[in-house]
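See structure below.
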Amino acid sequence: GEVRGCAVIPATFADDFMAHTHPQIQVIVDGTDPNTASFVQNYVQGVVATWMRQRASETQAEPPGITVEQRFWFNPELTSRNFLVPGSIAIVMTLIGTLLTALVVAREWERGTMEAMMATPVTAAGLLAGKILPYFILAITSMTLCVLVAVFLFGVPFRGSLLALYAISAAFLLPALGQGLLISAATRNQFLASQLALLSAFLPAFLLSGFLFEIGSMPTVIQWVRAVVPARYLIPSLQTVFLAGDIWPLLLRNIAIMLLAGVVFLGLAARSTRKRLA
């Protein structure tokens with residue numbers, strides 16, 4: 001992430017050029033930013049082409065052709081499913097963690113079952129824990145099934161560890177479930193809860209998390225907005241675990257951010273779910 005690109009000129013370049021044996025220059029670019037990578041690559045190719053034309057004019061010789069051979073780290077075949085399938089797992093977890101939680105709890109408010117629970121000695125924290133735990137288990141189970149399908153059916157490589165995978169997933173589910181509970185407590189209506197969950201969780205996870213569009217190519221204002229989207233930290237982590245392995249400096253940073261977001265959402269949900277009916 002510190003070097004955008006570099007050119008490697010072999011020691012035999014001059015001899016190969018004089019012998020007209022197609023000398024090679026290696027260009028390595030950081031492919032995480034496609035726009036900058038293309039700019040660096042084209043710039044180096046332009047410099048090499050200009051230099052070879054100048055040498056050709058000096059020696060009155062026909063310049064040899066330049067052959068570009070691109071190689072990509074972690075996904076050399078550029079198989080699209082290796083990027084899309086881990087991202088789709090994050091979308092599934094968002095649907096279960098936020099949308100499903102918001103709908104089911106809002107339905108309990110509509111039917112009056114939440115009021116019955118309020119009349120019991122259970123505390124607000126215990127009530128939230130009882131609502132979170134089933135959907136947490138359901139989301140983890142769904143994630144496990146998705147990973148099995150991704151590896152054994154779609155053939156996506158899995159180079160990380162299960163520890164990193166479940167740590168990332170558990171950290172993401174805290175803000176997802178907290179957001180769903182907060183929406184249900186604030187609206188107490190299934191229709192409003194579904195609309196708010198789609199607008200505040202599903203669409204940002206689909207459009208602003210890097211799943212479909214490269215984050216570096218987004219406008220600066222949109223990049224500021226996507227910084228508060230929990231899925232923005234889940235999708236790169238899942239892609240890293242699948243394709244690169246356990247790169248803990250990146251994973252721990254994303255886990256810490258998701259845990260912080262989870263504390264905020266769960267705190268707001270607990271504040272909104274006090275043991276009162278009004």
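As shown in the structure tokens, the chain order sets the letters A, B, ...; within each chain, residues go from 1, and ligands are also counted from 1 in the order they appear.
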
Looking only at helix (DSSP H, G or I) from DSSP on the backbone, list the matching residues of segment 59-210 of chain A as a ChimeraX atom specification. /A:59,80-111,113-118,124-152,162-187,190-207

So which one's closest to Thr79 of chain A, A:Val156, A:Leu266, A:Val147, A:Leu260? Using only C-alpha atoms, please. A:Val156

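If you measure from each of A:Leu208, A:Ala125, A:Val225, A:Ile89 to Gly267 of chain A using only C-alpha atoms, the closest one turns out to be A:Ala125.
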
Excluding segment 134-144 of chain A and its own-chain neighbours fewer than 6 positions away, which residues fall within 9 Å of it when counting only C-alpha atoms? Please give them as a count of residues only. 15

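Using only C-alpha atoms, the contacts of Ala256 of chain A at a cut-off of 12 Å, with sequence neighbours closer than 6 positions omitted, comprise Ala167, Ile168, Ala170, Ala171, Phe172, Leu174, Pro175, Pro230, Tyr233, Leu234, Trp248, Pro249, Leu250, Gly262 and Val263 of chain A.
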
Which of these residues is nearest to Ile91 of chain A, using only C-alpha atoms: A:Val241, A:Ala37, A:Ala176, A:Ala186? A:Ala176

Among the residues A:Pro10, A:Gly178, A:Gly245, A:Gly1, the one that comes closest to Ala102 of chain A [using only C-alpha atoms]: A:Gly178

Would you please give, as number ranges by chain, all residues of segment 13-51 of chain A that DSSP assigns to strand (DSSP E) based on the backbone? A: 26-29

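Using only C-alpha atoms, the residues found no farther than 8 Å from segment 67-74 of chain A, other than those of its own chain fewer than 4 positions away, are A:Gly31, A:Leu78, A:Leu243, A:Ala244.
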
Include N, CA and C atoms and write out the residues we just selected as a compact mmCIF listing (two decimals), in the first residue's frame.
# COMPACT_ATOMS: atom_id res chain seq x y z
N GLY A 31 -2.63 -3.28 -7.67
CA GLY A 31 -3.92 -3.43 -8.34
C GLY A 31 -5.12 -3.11 -7.49
N LEU A 78 -7.88 -14.02 -12.68
CA LEU A 78 -8.92 -12.98 -12.70
C LEU A 78 -10.31 -13.60 -12.76
N LEU A 243 -8.63 -15.28 -0.31
CA LEU A 243 -7.65 -15.25 -1.39
C LEU A 243 -6.21 -15.07 -0.93
N ALA A 244 -5.99 -14.37 0.18
CA ALA A 244 -4.62 -14.07 0.61
C ALA A 244 -4.20 -14.82 1.87

Do you know which residues are at most 8 Å from Arg226 of chain A counting only C-alpha atoms, after dropping those on the same chain fewer than 5 positions away, and could you put them as a VMD selection string? chain A and resid 204 208 to 209 232

Convert the current residue selection to file output with N, CA, C and O atoms, as a tab-separated table (two decimals), in the first residue's frame.
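What follows is the written file part.tsv:
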chain	number	residue	atom	x	y	z
A	204	PRO	N	-26.48	0.24	1.33
A	204	PRO	CA	-25.07	0.61	1.55
A	204	PRO	C	-24.12	-0.59	1.47
A	204	PRO	O	-23.01	-0.46	0.94
A	208	LEU	N	-21.89	0.58	-1.39
A	208	LEU	CA	-20.82	1.40	-0.83
A	208	LEU	C	-19.74	0.60	-0.11
A	208	LEU	O	-18.87	1.19	0.51
A	209	SER	N	-19.80	-0.71	-0.18
A	209	SER	CA	-18.85	-1.53	0.57
A	209	SER	C	-17.68	-2.03	-0.26
A	209	SER	O	-16.80	-2.71	0.27
A	232	ARG	N	-18.46	-2.41	4.74
A	232	ARG	CA	-17.25	-1.95	4.06
A	232	ARG	C	-16.00	-2.58	4.66
A	232	ARG	O	-14.99	-2.75	3.98

Surrounding residues of Asn35 of chain A excluding itself and chain neighbours under 4 positions, 12 Å, only C-alpha atoms, as a JSON list (two decimals) with C-alpha atoms, in the first residue's frame:
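Here's the written file selection-v7.json:
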[["chain", "number", "residue", "atom", "x", "y", "z"],
["A", 4, "ARG", "CA", 1.94, 2.36, -6.31],
["A", 29, "VAL", "CA", 1.64, -2.07, -9.86],
["A", 30, "ASP", "CA", -0.70, -2.03, -6.88],
["A", 31, "GLY", "CA", -3.92, -3.43, -8.34],
["A", 39, "PHE", "CA", -1.95, 5.11, -15.13],
["A", 40, "VAL", "CA", 1.38, 3.81, -13.78],
["A", 41, "GLN", "CA", 1.45, 0.93, -16.24],
["A", 42, "ASN", "CA", 0.70, 3.14, -19.25],
["A", 214, "GLU", "CA", -14.10, 0.07, -6.37],
["A", 215, "ILE", "CA", -13.93, 2.32, -3.30],
["A", 216, "GLY", "CA", -10.92, 4.24, -4.59],
["A", 217, "SER", "CA", -12.83, 5.33, -7.70],
["A", 218, "MET", "CA", -15.75, 6.80, -5.70]]
